[in-house]
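> Please read through the structure below; I'll follow up with questions.
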Amino acid sequence: MHKTNALIIAVVLTAIIGSALTFSETLHQSNVIGIFYFPVFLLSAALSGGGHNPTAPAVWSSFIAYTLVYLVIFILVYAIVCEMVLLRRGFVHLQGDRDAKSIADEDPATTLSDFGRAVQTVEQYRRRHWVLKNVEELNLTEGADVIGARAIVNAQGVGATKGLLRELHRRIANAKGTAAADAAIEKLKADAADLVRAHDQGESATDPPAERPRAP
C-alpha cells in the first residue's frame, strides 16, 4: 500500500465526513452514526479530564482521530483485497499450455517468461491504483523473462512476487512433491540471478565508451 497516498485520501475523506456530519441535520441525529462514533464520546471525556461535559476541542480531536483510524483501516482492507484480486489475474500466466509436471524440468527461460508475464500483469494493474505502491525495481518495457528474473532477484520481498512464487511452488508440489518444488524454486532463483547478471553485463558492454576530456 502507498502510505502517503492512503494518508492523503484518509485526510480528505475525514474533512468531507466531518463537514457532512456538521451541516446535515439528518446525519447529525442518526442513531447509526451515534453507534459508530460512540468511542468518540469516551475519548473526548478522557481528554477532558474525565468530566461529564467534554470540551469542544476534545470532542473534535476525538472525532478526527477516530475517523482517520476508521478510514485507514478501510483503505488497508481495500488495498489487501486489490492485491489478492491482482494476484489471481497473474496466476493465469503460471499455467501455460502444459501440465504442471513439466514446470520443474523445462527450459528455465520458459518458466521465467511465464513468471515475468504474471508479474507484468499484476504490476500493470497495480500502477492504475493510486492507493497501491508501484514496484520501482521493475521496468515493464523489458522482455518477459527479464521482468520475471528481476522480480525474483530485485523485488523478491514484494508481496506480488512472494504470492506468485508461492503459487508456483504449490503447483509443482501438487505434481511432484514438496521436495521437488523446493528444488525447482531454488533453481529458478539461481537461473534468475544468472539472467539478470548476463543481461546487465550485456547492456554494459553495448554502452558507448565515455568520451575522454581533451587536453588543453
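We name chains A, B, ... following the order of the C-alpha cells; residues begin at 1 in each chain, and ligands are numbered from 1 as shown.
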Would you pick out the contacts of region 138-147 of chain A at 12 Å or less, using only C-alpha atoms, so that residues sharing its chain but fewer than 3 positions from it are not included, and give the list as a PyMOL selection string?
chain A and resi 93+107-125+127+134-135+150-156+158+161+188+191-200
> Let's have the selection written as an mmCIF file, in the first residue's frame, with C-alpha atoms.

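Below you can see out_16.cif, which holds the result:
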data_model
loop_
_atom_site.group_PDB
_atom_site.id
_atom_site.type_symbol
_atom_site.label_atom_id
_atom_site.label_comp_id
_atom_site.auth_asym_id
_atom_site.auth_seq_id
_atom_site.Cartn_x
_atom_site.Cartn_y
_atom_site.Cartn_z
ATOM 1 C CA HIS A 93 0.082 -16.937 -16.753
ATOM 2 C CA ASP A 107 13.959 -24.613 -20.037
ATOM 3 C CA PRO A 108 14.352 -22.008 -17.249
ATOM 4 C CA ALA A 109 13.801 -19.196 -19.766
ATOM 5 C CA THR A 110 10.292 -20.557 -20.397
ATOM 6 C CA THR A 111 9.430 -20.589 -16.710
ATOM 7 C CA LEU A 112 10.962 -17.132 -16.216
ATOM 8 C CA SER A 113 8.961 -15.811 -19.175
ATOM 9 C CA ASP A 114 5.727 -17.197 -17.750
ATOM 10 C CA PHE A 115 6.594 -15.774 -14.354
ATOM 11 C CA GLY A 116 7.507 -12.445 -15.956
ATOM 12 C CA ARG A 117 4.161 -12.241 -17.763
ATOM 13 C CA ALA A 118 2.407 -12.891 -14.460
ATOM 14 C CA VAL A 119 4.431 -10.158 -12.731
ATOM 15 C CA GLN A 120 3.849 -7.789 -15.644
ATOM 16 C CA THR A 121 0.089 -8.319 -15.499
ATOM 17 C CA VAL A 122 -0.031 -7.710 -11.746
ATOM 18 C CA GLU A 123 2.190 -4.623 -11.938
ATOM 19 C CA GLN A 124 0.285 -3.089 -14.858
ATOM 20 C CA TYR A 125 -2.960 -3.248 -12.915
ATOM 21 C CA ARG A 127 0.020 1.080 -11.379
ATOM 22 C CA ASN A 134 4.448 0.670 -7.658
ATOM 23 C CA VAL A 135 7.380 -1.734 -7.691
ATOM 24 C CA ARG A 150 14.296 -9.032 -11.878
ATOM 25 C CA ALA A 151 11.164 -9.635 -9.835
ATOM 26 C CA ILE A 152 12.794 -12.666 -8.228
ATOM 27 C CA VAL A 153 16.204 -11.039 -7.727
ATOM 28 C CA ASN A 154 15.410 -7.365 -7.023
ATOM 29 C CA ALA A 155 11.834 -7.481 -5.742
ATOM 30 C CA GLN A 156 11.654 -10.845 -4.008
ATOM 31 C CA VAL A 158 7.375 -7.617 -2.617
ATOM 32 C CA THR A 161 6.438 -11.751 -6.181
ATOM 33 C CA LEU A 188 14.542 -20.781 -10.647
ATOM 34 C CA ASP A 191 18.561 -19.008 -13.073
ATOM 35 C CA ALA A 192 17.011 -15.588 -12.452
ATOM 36 C CA ALA A 193 20.212 -14.293 -10.871
ATOM 37 C CA ASP A 194 22.263 -15.611 -13.827
ATOM 38 C CA LEU A 195 19.902 -13.994 -16.354
ATOM 39 C CA VAL A 196 19.916 -10.609 -14.602
ATOM 40 C CA ARG A 197 23.710 -10.699 -14.353
ATOM 41 C CA ALA A 198 24.108 -11.631 -18.020
ATOM 42 C CA HIS A 199 21.568 -9.033 -19.134
ATOM 43 C CA ASP A 200 23.206 -6.238 -17.132
#
> When you draw a straight line from CA of Ala160 (chain A) to CA of Tyr70 (chain A), how long is it in Å?
25.9 Å
> At what distance in Å, to one decimal, does CA of Glu136 (chain A) lie from CA of Ile73 (chain A)?
25.2 Å
> Can you measure CA of Arg88 (chain A) to CA of Arg166 (chain A) for me? One decimal in Å is fine.
12.4 Å
